[in-house]
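Dumped target.txt below, it's compact mmCIF, C-alpha atoms and all ligand atoms:
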# COMPACT_ATOMS: atom_id res chain seq x y z
CA MET A 44 8.78 7.44 -3.15
CA GLN A 45 8.44 7.36 0.61
CA ARG A 46 12.09 8.39 0.93
CA VAL A 47 11.51 11.36 -1.33
CA LEU A 48 8.48 12.44 0.60
CA LEU A 49 10.22 12.08 3.93
CA SER A 50 13.19 14.19 2.89
CA VAL A 51 10.75 16.81 1.69
CA ALA A 52 8.76 16.57 4.88
CA LEU A 53 11.91 17.30 6.87
CA GLY A 54 12.22 20.61 5.10
CA ALA A 55 8.52 21.37 5.10
CA ALA A 56 8.70 23.41 8.27
CA VAL A 57 10.82 25.99 6.50
CA LEU A 58 8.83 25.70 3.27
CA ALA A 59 11.80 24.47 1.30
CA PRO A 60 11.11 24.10 -2.41
CA SER A 61 10.01 20.55 -3.07
CA PRO A 62 9.47 18.36 -6.11
CA ALA A 63 6.01 19.10 -7.42
CA HIS A 64 4.63 15.60 -6.96
CA ALA A 65 5.74 15.31 -3.35
CA GLY A 66 4.26 18.74 -2.69
CA ILE A 67 0.90 17.62 -4.02
CA VAL A 68 0.89 14.66 -1.64
CA GLU A 69 1.99 16.81 1.29
CA ASP A 70 -0.75 19.34 0.65
CA ALA A 71 -3.36 16.61 0.33
CA VAL A 72 -2.17 14.90 3.52
CA ALA A 73 -2.26 18.17 5.43
CA ALA A 74 -5.77 18.88 4.14
CA THR A 75 -7.26 15.64 5.48
CA ALA A 76 -9.61 15.90 8.44
CA HIS A 77 -10.37 12.67 10.26
CA THR A 78 -12.76 12.23 13.15
CA PRO A 79 -11.43 10.13 16.06
CA ASP A 80 -13.44 7.15 14.76
CA GLU A 81 -11.98 7.65 11.28
CA LEU A 82 -8.48 7.76 12.74
CA VAL A 83 -9.06 4.41 14.43
CA ALA A 84 -10.60 2.91 11.27
CA SER A 85 -7.71 4.15 9.10
CA PHE A 86 -5.49 1.30 10.31
CA ASP A 87 -6.39 -1.42 7.80
CA ASN A 88 -4.16 -4.49 7.63
CA ALA A 89 -5.24 -5.16 4.04
CA GLU A 90 -3.69 -1.90 2.85
CA LEU A 91 -0.24 -2.51 4.35
CA PRO A 92 2.60 -4.52 2.82
CA GLY A 93 4.56 -7.24 4.57
CA LEU A 94 1.78 -8.81 6.62
CA ALA A 95 1.07 -12.54 6.77
CA PRO A 96 -2.46 -13.91 6.43
CA GLU A 97 -4.22 -13.85 9.77
CA GLY A 98 -3.60 -17.11 11.61
CA PRO A 99 -5.76 -18.76 14.25
CA GLY A 100 -5.96 -16.85 17.49
CA PRO A 101 -3.12 -17.76 19.86
CA SER A 102 -3.81 -19.50 23.13
CA ILE A 103 -4.25 -16.98 25.94
CA THR A 104 -4.78 -18.84 29.19
CA GLY A 105 -4.81 -22.50 28.17
CA ASN A 106 -8.51 -22.66 29.10
CA ALA A 107 -10.53 -22.77 25.87
CA GLU A 108 -13.78 -21.52 27.44
CA LEU A 109 -12.01 -18.61 29.10
CA ASP A 110 -10.06 -17.76 25.93
CA THR A 111 -13.31 -17.63 23.92
CA ARG A 112 -14.87 -15.34 26.51
CA ILE A 113 -11.80 -13.06 26.44
CA ARG A 114 -11.99 -12.80 22.63
CA THR A 115 -15.72 -12.10 22.73
CA ILE A 116 -15.33 -9.33 25.28
CA ALA A 117 -12.37 -7.91 23.33
CA GLU A 118 -14.40 -7.80 20.10
CA THR A 119 -17.33 -6.24 21.94
CA ARG A 120 -14.97 -3.47 23.01
CA GLY A 121 -14.04 -2.93 19.35
CA TYR A 122 -10.73 -4.80 19.19
CA GLU A 123 -9.86 -6.26 15.80
CA ARG A 124 -7.50 -9.07 14.89
CA HIS A 125 -4.07 -8.11 13.58
CA PRO A 126 -1.62 -10.32 11.70
CA GLU A 127 2.13 -10.64 12.10
CA PRO A 128 4.83 -9.57 9.61
CA ASP A 129 5.79 -12.02 6.87
CA ARG A 130 9.18 -10.40 6.28
CA GLU A 131 12.24 -9.26 8.20
CA LEU A 132 11.72 -6.30 10.49
CA VAL A 133 14.39 -3.66 10.93
CA VAL A 134 15.57 -1.97 14.11
CA ALA A 135 14.85 1.70 14.75
CA ASP A 136 15.54 3.41 18.06
CA GLY A 137 16.26 -0.05 19.50
CA PHE A 138 12.90 -1.56 18.51
CA ARG A 139 11.80 -3.80 15.65
CA LEU A 140 9.52 -2.29 13.00
CA GLN A 141 8.40 -2.80 9.42
CA PRO A 142 10.94 -1.07 7.12
CA GLU A 143 8.57 1.71 6.03
CA ALA A 144 7.64 2.46 9.63
CA ALA A 145 11.29 2.42 10.71
CA ALA A 146 12.28 4.93 8.01
CA ALA A 147 9.28 7.11 8.84
CA TRP A 148 10.14 6.98 12.54
CA GLU A 149 13.74 8.03 11.99
CA ALA A 150 12.62 10.90 9.77
CA MET A 151 10.03 12.11 12.26
CA GLN A 152 12.42 11.74 15.20
CA GLY A 153 15.01 13.79 13.30
CA ALA A 154 12.48 16.47 12.47
CA ALA A 155 11.37 16.53 16.11
CA LEU A 156 14.94 17.10 17.23
CA GLU A 157 15.29 19.98 14.76
CA ALA A 158 12.12 21.45 16.26
CA GLY A 159 13.55 21.05 19.77
CA HIS A 160 11.73 17.88 20.87
CA SER A 161 13.25 14.60 22.04
CA ILE A 162 10.98 11.64 21.30
CA ARG A 163 11.79 7.96 21.81
CA ILE A 164 10.07 4.67 21.08
CA THR A 165 9.14 2.62 24.16
CA SER A 166 7.50 -0.29 22.35
CA ALA A 167 7.08 -1.44 18.77
CA TYR A 168 6.66 -4.98 17.36
CA ARG A 169 5.29 -7.41 19.92
CA SER A 170 4.49 -11.07 19.24
CA PRO A 171 1.17 -12.67 20.24
CA VAL A 172 3.09 -14.93 22.65
CA THR A 173 4.59 -11.89 24.41
CA GLN A 174 1.16 -10.26 24.41
CA ALA A 175 -0.34 -13.40 25.99
CA GLY A 176 2.18 -13.24 28.82
CA LEU A 177 1.42 -9.56 29.33
CA PHE A 178 -2.32 -10.21 29.32
CA ARG A 179 -2.11 -13.06 31.84
CA SER A 180 0.12 -11.02 34.15
CA ARG A 181 -2.63 -8.39 34.38
CA LEU A 182 -5.63 -10.71 34.64
CA ASN A 183 -6.91 -11.04 38.20
CA GLY A 184 -9.67 -13.66 38.24
CA ALA A 185 -11.86 -14.87 35.42
CA THR A 186 -15.01 -12.79 35.66
CA ASP A 187 -16.20 -10.75 32.70
CA ALA A 188 -15.51 -7.60 34.72
CA ALA A 189 -11.94 -8.71 35.42
CA ILE A 190 -11.38 -9.45 31.73
CA ASP A 191 -12.87 -6.13 30.65
CA HIS A 192 -10.69 -4.32 33.17
CA VAL A 193 -7.51 -5.72 31.58
CA LEU A 194 -8.77 -5.06 28.07
CA ALA A 195 -9.15 -1.36 28.88
CA THR A 196 -5.36 -1.09 28.73
CA VAL A 197 -3.97 -4.36 27.30
CA ALA A 198 -5.07 -6.00 24.05
CA ALA A 199 -5.85 -9.68 23.98
CA PRO A 200 -3.11 -11.60 22.13
CA GLY A 201 -3.89 -11.58 18.42
CA TYR A 202 -5.65 -8.22 18.81
CA SER A 203 -2.71 -5.87 19.39
CA ARG A 204 -1.73 -3.44 16.66
CA HIS A 205 1.84 -3.97 17.86
CA HIS A 206 1.77 -7.46 16.25
CA THR A 207 1.97 -5.86 12.80
CA GLY A 208 5.25 -3.98 13.21
CA TYR A 209 3.51 -0.76 12.17
CA THR A 210 2.73 0.48 15.69
CA ILE A 211 4.83 2.38 18.20
CA ASP A 212 4.47 3.81 21.67
CA ILE A 213 6.21 7.19 22.07
CA ARG A 214 7.55 9.05 25.08
CA THR A 215 9.75 12.01 25.83
CA PRO A 216 12.38 12.00 28.62
CA THR A 217 9.80 13.56 30.94
CA HIS A 218 6.39 12.61 29.51
CA PHE A 219 5.13 9.10 28.97
CA LEU A 220 1.87 7.14 28.80
CA HIS A 221 -1.09 9.48 29.44
CA ASN A 222 1.24 12.33 30.31
CA PHE A 223 2.73 12.22 26.81
CA ALA A 224 -0.38 14.16 25.72
CA ASN A 225 0.82 17.07 27.87
CA SER A 226 4.23 17.29 26.20
CA ASP A 227 5.43 19.91 23.74
CA ALA A 228 6.37 17.06 21.39
CA TYR A 229 2.78 15.82 21.35
CA ALA A 230 1.53 19.33 20.64
CA TRP A 231 4.04 19.59 17.79
CA MET A 232 2.84 16.30 16.27
CA ALA A 233 -0.86 17.07 16.79
CA ALA A 234 -1.02 20.70 15.63
CA ASP A 235 -3.29 21.51 12.69
CA ASN A 236 -5.12 18.20 12.79
CA TRP A 237 -1.96 16.09 13.12
CA ALA A 238 -0.25 17.76 10.16
CA VAL A 239 3.30 16.88 11.26
CA ALA A 240 2.55 13.28 12.23
CA LYS A 241 0.59 12.76 9.01
CA SER A 242 3.36 14.20 6.84
CA PHE A 243 5.49 11.24 7.96
CA GLY A 244 2.63 8.77 7.52
CA TRP A 245 1.76 8.43 11.24
CA LEU A 246 -1.68 8.65 12.82
CA PRO A 247 -2.76 8.46 16.46
CA SER A 248 -3.77 4.85 17.06
CA TYR A 249 -6.44 5.14 19.77
CA PRO A 250 -7.24 8.86 20.11
CA ALA A 251 -9.55 10.36 22.70
CA GLY A 252 -13.13 10.66 21.52
CA ALA A 253 -13.27 7.43 19.53
CA SER A 254 -16.15 5.07 20.22
CA ALA A 255 -15.52 1.36 20.88
CA ALA A 256 -11.93 1.45 19.62
CA GLY A 257 -10.80 -1.46 21.77
CA PRO A 258 -8.72 -0.06 24.62
CA ASP A 259 -9.35 3.21 26.41
CA PRO A 260 -7.66 6.16 24.64
CA GLU A 261 -3.86 5.80 24.34
CA PRO A 262 -2.32 9.17 23.43
CA TRP A 263 1.15 7.59 23.29
CA GLU A 264 0.40 5.02 20.57
CA PHE A 265 0.81 5.74 16.85
CA VAL A 266 0.39 3.67 13.70
CA TRP A 267 2.19 4.10 10.40
CA ILE A 268 -0.07 3.75 7.37
CA GLY A 269 1.75 6.09 4.97
CA PRO A 270 0.65 9.34 3.34
CA ILE A 271 -1.33 7.70 0.52
CA ASN A 272 -3.48 5.64 2.89
CA ILE A 273 -4.02 8.74 5.00
CA ILE A 274 -5.30 10.60 1.94
CA CYS A 275 -7.46 7.63 0.91
CA GLY A 276 -9.02 7.51 4.37
CA ASP A 277 -10.48 10.98 3.87
CA PHE A 278 -11.21 11.03 0.17
CA ASP A 279 -14.16 12.12 -1.92
CA PRO A 280 -13.75 11.36 -5.61
CA SER A 281 -14.31 14.22 -8.03
CA PRO A 282 -14.49 14.31 -11.81
CA GLU A 283 -10.86 15.48 -11.83
CA THR A 284 -9.53 13.02 -9.26
CA THR A 285 -11.11 9.59 -9.30
CA PHE A 286 -8.44 7.63 -7.46
CA CYS A 287 -6.98 8.58 -4.10
CA ASP A 288 -3.79 6.57 -4.57
CA THR A 289 -2.47 8.13 -7.77
CA LEU A 290 -2.08 11.55 -6.21
CA GLY A 291 1.51 12.64 -6.72
CA SER A 292 2.21 9.61 -8.93
CA THR A 293 4.27 10.12 -12.08
CA PHE A 294 1.50 8.21 -13.81
CA ALA A 295 -1.53 10.12 -12.46
CA ALA A 296 -2.45 11.63 -15.86
CA ASP A 297 -2.00 8.29 -17.62
CA VAL A 298 -4.28 6.58 -15.12
CA GLU A 299 -6.95 9.26 -15.48
CA TRP A 300 -6.82 8.78 -19.24
CA LEU A 301 -7.22 5.04 -18.75
CA ARG A 302 -10.28 5.62 -16.57
CA SER A 303 -11.83 8.19 -18.88
CA GLU A 304 -11.53 5.69 -21.76
CA GLY A 305 -13.27 3.00 -19.72
CA ILE A 306 -10.15 0.82 -19.72
CA THR A 307 -9.95 0.64 -15.93
CA THR A 308 -12.32 1.01 -13.03
CA GLY A 309 -9.46 0.70 -10.53
CA CYS A 310 -8.40 -2.08 -8.22
CA ASN A 311 -10.69 -1.28 -5.32
CA THR A 312 -13.03 1.48 -4.18
CA ASN A 313 -11.42 4.81 -5.12
CA ARG A 314 -8.06 3.11 -5.74
CA PHE A 315 -6.03 2.23 -8.82
CA CYS A 316 -3.08 0.53 -7.03
CA PRO A 317 -0.44 2.15 -9.30
CA THR A 318 2.53 0.50 -7.57
CA THR A 319 1.04 -3.01 -7.64
CA THR A 320 2.37 -5.34 -10.33
CA ILE A 321 -0.05 -5.99 -13.16
CA THR A 322 -1.12 -9.56 -13.81
CA ARG A 323 -1.41 -11.17 -17.25
CA ALA A 324 -5.21 -11.26 -16.88
CA GLN A 325 -5.36 -7.56 -16.03
CA ALA A 326 -3.09 -6.63 -18.95
CA ALA A 327 -5.20 -8.71 -21.34
CA THR A 328 -8.35 -7.01 -20.12
CA MET A 329 -6.88 -3.53 -20.50
CA LEU A 330 -5.77 -4.19 -24.09
CA TRP A 331 -9.15 -5.69 -24.95
CA ARG A 332 -11.06 -2.77 -23.47
CA MET A 333 -8.76 -0.32 -25.28
CA GLU A 334 -9.85 -2.04 -28.50
CA GLY A 335 -13.51 -1.65 -27.52
CA GLU A 336 -14.17 -5.16 -26.16
CA PRO A 337 -14.45 -6.88 -29.56
CA ALA A 338 -16.16 -10.26 -29.74
CA ALA A 339 -14.03 -13.24 -30.77
CA THR A 340 -14.92 -16.82 -31.60
CA SER A 341 -11.67 -18.75 -31.20
CA ALA A 342 -11.56 -21.60 -28.74
CA ILE A 343 -9.38 -20.91 -25.74
CA PRO A 344 -6.75 -23.64 -25.44
CA PHE A 345 -5.78 -22.68 -21.89
CA LEU A 346 -7.05 -24.83 -19.03
CA ASP A 347 -6.49 -22.01 -16.54
CA VAL A 348 -8.89 -19.56 -18.21
CA PRO A 349 -12.38 -20.45 -17.00
CA ASP A 350 -15.58 -19.46 -18.76
CA ASN A 351 -17.28 -16.30 -17.58
CA VAL A 352 -14.54 -14.64 -15.60
CA TYR A 353 -13.66 -11.01 -16.23
CA PHE A 354 -10.74 -11.85 -18.53
CA THR A 355 -12.26 -14.77 -20.51
CA GLU A 356 -13.32 -12.80 -23.57
CA ALA A 357 -10.14 -10.70 -23.47
CA VAL A 358 -7.99 -13.83 -23.66
CA ARG A 359 -10.20 -15.30 -26.41
CA TRP A 360 -9.65 -12.15 -28.47
CA MET A 361 -5.89 -12.26 -27.82
CA VAL A 362 -5.75 -15.89 -28.93
CA GLU A 363 -7.65 -15.05 -32.12
CA LEU A 364 -5.23 -12.24 -33.00
CA VAL A 365 -2.19 -14.24 -31.79
CA ILE A 366 -1.35 -11.52 -29.30
CA THR A 367 -0.73 -14.33 -26.84
CA THR A 368 0.28 -17.95 -27.27
CA GLY A 369 0.15 -18.51 -23.52
CA THR A 370 2.92 -19.50 -21.17
CA SER A 371 2.52 -23.05 -22.50
CA SER A 372 0.17 -24.69 -24.97
CA THR A 373 -2.38 -25.24 -22.22
CA GLU A 374 -1.70 -22.37 -19.82
CA PHE A 375 -2.21 -18.62 -19.94
CA SER A 376 -1.12 -18.13 -16.30
CA PRO A 377 -3.65 -15.34 -15.74
CA HIS A 378 -2.56 -14.47 -12.21
CA VAL A 379 1.17 -14.40 -12.90
CA GLU A 380 2.81 -10.99 -12.84
CA LEU A 381 3.79 -9.56 -16.19
CA THR A 382 7.36 -8.44 -16.85
CA ARG A 383 8.07 -5.24 -18.76
CA ASP A 384 9.35 -7.06 -21.86
CA GLN A 385 6.20 -9.22 -21.85
CA PHE A 386 3.91 -6.21 -21.54
CA VAL A 387 5.59 -4.35 -24.40
CA THR A 388 5.46 -7.54 -26.47
CA PHE A 389 1.68 -7.79 -25.95
CA LEU A 390 1.36 -4.16 -27.01
CA TRP A 391 3.61 -4.62 -30.05
CA ARG A 392 1.65 -7.65 -31.25
CA TYR A 393 -1.59 -5.73 -30.65
CA ALA A 394 -0.18 -2.92 -32.81
CA GLY A 395 0.35 -5.41 -35.63
CA ARG A 396 4.03 -6.18 -35.06
CA PRO A 397 5.31 -2.98 -36.70
CA ALA A 398 8.96 -2.87 -37.75
CA PRO A 399 11.15 -0.83 -35.38
CA ALA A 400 11.88 2.66 -36.64
CA GLY A 401 15.48 2.51 -35.48
CA SER A 402 17.68 1.03 -32.81
CA HIS A 403 17.20 1.52 -29.08
CA GLN A 404 19.65 2.72 -26.50
CA PHE A 405 19.06 0.04 -23.85
CA VAL A 406 22.15 -1.92 -22.85
CA ASP A 407 20.05 -4.48 -20.99
CA VAL A 408 18.06 -5.62 -24.04
CA GLY A 409 20.14 -7.97 -26.17
CA PRO A 410 19.54 -8.51 -29.91
CA THR A 411 18.51 -12.12 -29.29
CA SER A 412 15.83 -11.24 -26.72
CA PHE A 413 12.36 -12.43 -27.76
CA ALA A 414 11.25 -8.86 -27.09
CA ALA A 415 14.06 -7.09 -28.99
CA ASP A 416 11.87 -5.92 -31.88
CA ALA A 417 8.99 -5.00 -29.57
CA ILE A 418 11.20 -2.92 -27.29
CA ALA A 419 12.99 -1.26 -30.22
CA TRP A 420 9.60 -0.34 -31.69
CA ALA A 421 8.35 0.95 -28.32
CA ALA A 422 11.45 3.11 -27.90
CA GLY A 423 11.16 4.44 -31.45
CA VAL A 424 7.56 5.59 -30.98
CA ARG A 425 8.21 6.82 -27.43
CA VAL A 426 5.92 4.26 -25.80
CA THR A 427 8.88 3.76 -23.48
CA THR A 428 11.79 5.92 -22.47
CA GLY A 429 13.21 3.14 -20.30
CA THR A 430 13.79 3.05 -16.60
CA SER A 431 16.92 5.15 -17.17
CA ALA A 432 18.70 6.61 -20.17
CA THR A 433 20.41 3.30 -20.90
CA LYS A 434 18.16 0.69 -19.31
CA PHE A 435 14.74 -0.79 -20.03
CA SER A 436 14.74 -3.30 -17.13
CA PRO A 437 13.09 -5.98 -19.28
CA VAL A 438 12.60 -8.62 -16.60
CA ALA A 439 11.37 -6.22 -13.92
CA THR A 440 7.67 -6.59 -13.25
CA THR A 441 5.29 -4.05 -14.78
CA THR A 442 3.45 -1.91 -12.28
CA ARG A 443 -0.13 -0.92 -13.01
CA GLY A 444 1.08 2.70 -13.21
CA GLN A 445 3.67 1.77 -15.83
CA ALA A 446 1.04 -0.17 -17.76
CA ALA A 447 -1.18 2.92 -17.79
CA ALA A 448 1.72 4.96 -19.18
CA PHE A 449 2.52 2.39 -21.89
CA LEU A 450 -1.11 2.33 -23.06
CA HIS A 451 -1.59 6.08 -22.88
CA ARG A 452 1.59 6.75 -24.85
CA TYR A 453 0.54 4.14 -27.39
CA ASP A 454 -2.71 6.03 -27.85
CA LEU A 455 -0.71 9.22 -28.42
CA ILE A 456 1.36 7.80 -31.30
CA PRO A 457 0.52 10.07 -34.24
ZN ZN O 501 1.00 0.54 22.37

Starting from the file, give its structure as structure tokens.
Ligand SMILES: [Zn+2]
Amino acid sequence: MQRVLLSVALGAAVLAPSPAHAGIVEDAVAATAHTPDELVASFDNAELPGLAPEGPGPSITGNAELDTRIRTIAETRGYERHPEPDRELVVADGFRLQPEAAAAWEAMQGAALEAGHSIRITSAYRSPVTQAGLFRSRLNGATDAAIDHVLATVAAPGYSRHHTGYTIDIRTPTHFLHNFANSDAYAWMAADNWAVAKSFGWLPSYPAGASAAGPDPEPWEFVWIGPINIICGDFDPSPETTFCDTLGSTFAADVEWLRSEGITTGCNTNRFCPTTTITRAQAATMLWRMEGEPAATSAIPFLDVPDNVYFTEAVRWMVELVITTGTSSTEFSPHVELTRDQFVTFLWRYAGRPAPAGSHQFVDVGPTSFAADAIAWAAGVRVTTGTSATKFSPVATTTRGQAAAFLHRYDLIP
């Protein structure tokens, strides 16, 4: 989806016709209005893919007391910890970045060139070890004032946004560091409340006017968080639009139906997480809520379904109706991701195992598949139209957006 949006964004300057869904996202991104503090707060590690859990802080000077003091002063300035990537980075403009950020950089750099601006990356991913060397090279003495002086321009290792692979420093051939803010390229990116930068998913990292952001303002540094996170960072739910992250999604109407029926409350505040894979526990809960949360009395044979968790009664009901027999006689595997053939099988059993109305057109669903009847039924009643004209992609995982569509279409069966 990012690729689609980026190609549209390239043409946005000339108002080229765009696919409706990408246009909705573009309009919403352009309409966001963040304060400097909101811009700083928009960079949230938890919302970005490809990041490892935060490890212990790296050694900075080798002196534990001094390192603790450095971290304390850094956090007082507003610095936050940032994790490292847990996947391969890719190279863009000679620097290593997360793949989404690299694609977004190349698109924005290309658009800049079309608009007559030459922009280059001068720094991107940086490891905590490299950051530690940089920090020590600037530190002159060990007083609090000396530490604070360095922290005004250099993050303590473990606290640099560059560790994530989502952060870049930009320059033009003639304008760099603070002077970048005086360049035509900067004005192009910043116009109309950062409309151009935002259309590619970029935000200023440490803009002027922010309070306690960590370093002093850095007009040359930008973070990629993507258009959806930009929209979510400036979002007020309305009766029509409950979730900020389904905007422009193929499944937006399905998700709104799911919410209006009380089948979902989302994955997080204001979010549905439509591109996240659904787990077996979540799918069970959605089916059970769709049925009106009926009480059941069967014993649950699965050792991995505790009492009194959100999916306990849903699984009990599924056991009673033999919608599930578990992944083994003693396991339901609640947190395992559900494949598309498994999801449709749950739905088919829930529907009472109806006979398929005809044959399906999917070449990737064999007649001996455990889900053959379920998928043939789903195709016949238009619960699925496949992932293409000839494919169902049975062993692909089911996204939460796809699950919403399956359930909504099931509800629409005459
Ligand atoms: Zn930087």

Around ligand ZN 501 (chain O), out to 6 Å and counting only C-alpha atoms and all ligand atoms, which residues are there? I want them as a PyMOL selection string.
chain A and resi 211-212+264

Give me, as a ChimeraX atom specification, all polymer residues having an atom no more than 10 Å from Cys275 of chain A, counting only C-alpha atoms and skipping those fewer than 6 positions away in the same chain.
/A:71-72,75,85,286-288,290,312-314

Of the candidates A:Ser161, A:Met361, A:Glu149, A:Tyr353, which shows the shortest atom-to-atom distance to Pro337 of chain A, using only C-alpha atoms?
A:Met361

Give me, as a PyMOL selection string, all polymer residues having an atom no more than 9 Å from segment 186-192 of chain A, counting all atoms listed in the file and skipping those fewer than 6 positions away in the same chain.
chain A and resi 112-113+116-117+120

Using the selection just defined, write its residues with C-alpha atoms as a PDB file, in the frame of the given file.
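For reference, selection_12.pdb as written:
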ATOM      1  CA  ARG A 112     -14.870 -15.340  26.510  1.00  0.00           C
ATOM      2  CA  ILE A 113     -11.800 -13.060  26.440  1.00  0.00           C
ATOM      3  CA  ILE A 116     -15.330  -9.330  25.280  1.00  0.00           C
ATOM      4  CA  ALA A 117     -12.370  -7.910  23.330  1.00  0.00           C
ATOM      5  CA  ARG A 120     -14.970  -3.470  23.010  1.00  0.00           C
TER       6      ARG A 120
END

Kindly indicate which residue among A:Thr322, A:Thr441, A:Asn88, A:Asn222 lies nearest to Val387 of chain A, using all atoms listed in the file for the distances.
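Counting all atoms listed in the file, the residue closest to Val387 of chain A is A:Thr441.
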
If I take atom CA of Pro317 of chain A and atom CA of Ala446 of chain A, how far is one from the other in Å, to one decimal?
8.9 Å

For a quick check of understanding, using all atoms listed in the file, which of A:Ile273, A:Ala421, A:Val365, A:Leu109 has the smallest distance to Pro399 of chain A?
A:Ala421

List the spatial neighbours of Ser371 of chain A as a list in words - criterion: any atom at most 12 Å away, only C-alpha atoms, same-chain residues fewer than 6 positions off excluded.
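The contact residues come out as Pro344, Phe345, Leu346, Asp347 and Pro377 of chain A.
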
Straight-line distance linking atom CA of Gly184 of chain A with atom CA of Glu108 of chain A, stated in Å to one decimal
14.0 Å

Have a look at atom CA of Ala448 of chain A and atom CA of Leu390 of chain A and let me know their distance in Å, one decimal.
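Atom-to-atom, atom CA of Ala448 of chain A to atom CA of Leu390 of chain A, that is 12.0 Å.
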
Shell around Gln385 of chain A at 9 Å using all atoms listed in the file, local window under 6 positions removed, as a ChimeraX atom specification
/A:414,437-438,441

Ranking A:Pro262, A:Val298, A:Trp420, A:Phe354 by minimum distance to Arg396 of chain A and counting all atoms listed in the file, which one comes first?
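With all atoms listed in the file as the atom set, the closest residue is A:Trp420.
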
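Among the candidate residues A:Thr115, A:Leu455, A:Leu156, A:Asp384, the one lying nearest to Ser412 of chain A is A:Asp384, with distances computed using all atoms listed in the file.
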
Which residue, A:Asn106, A:Ser436, A:Thr78, A:Gln445, has the smallest gap to Gly252 of chain A when you use all atoms listed in the file?
A:Thr78
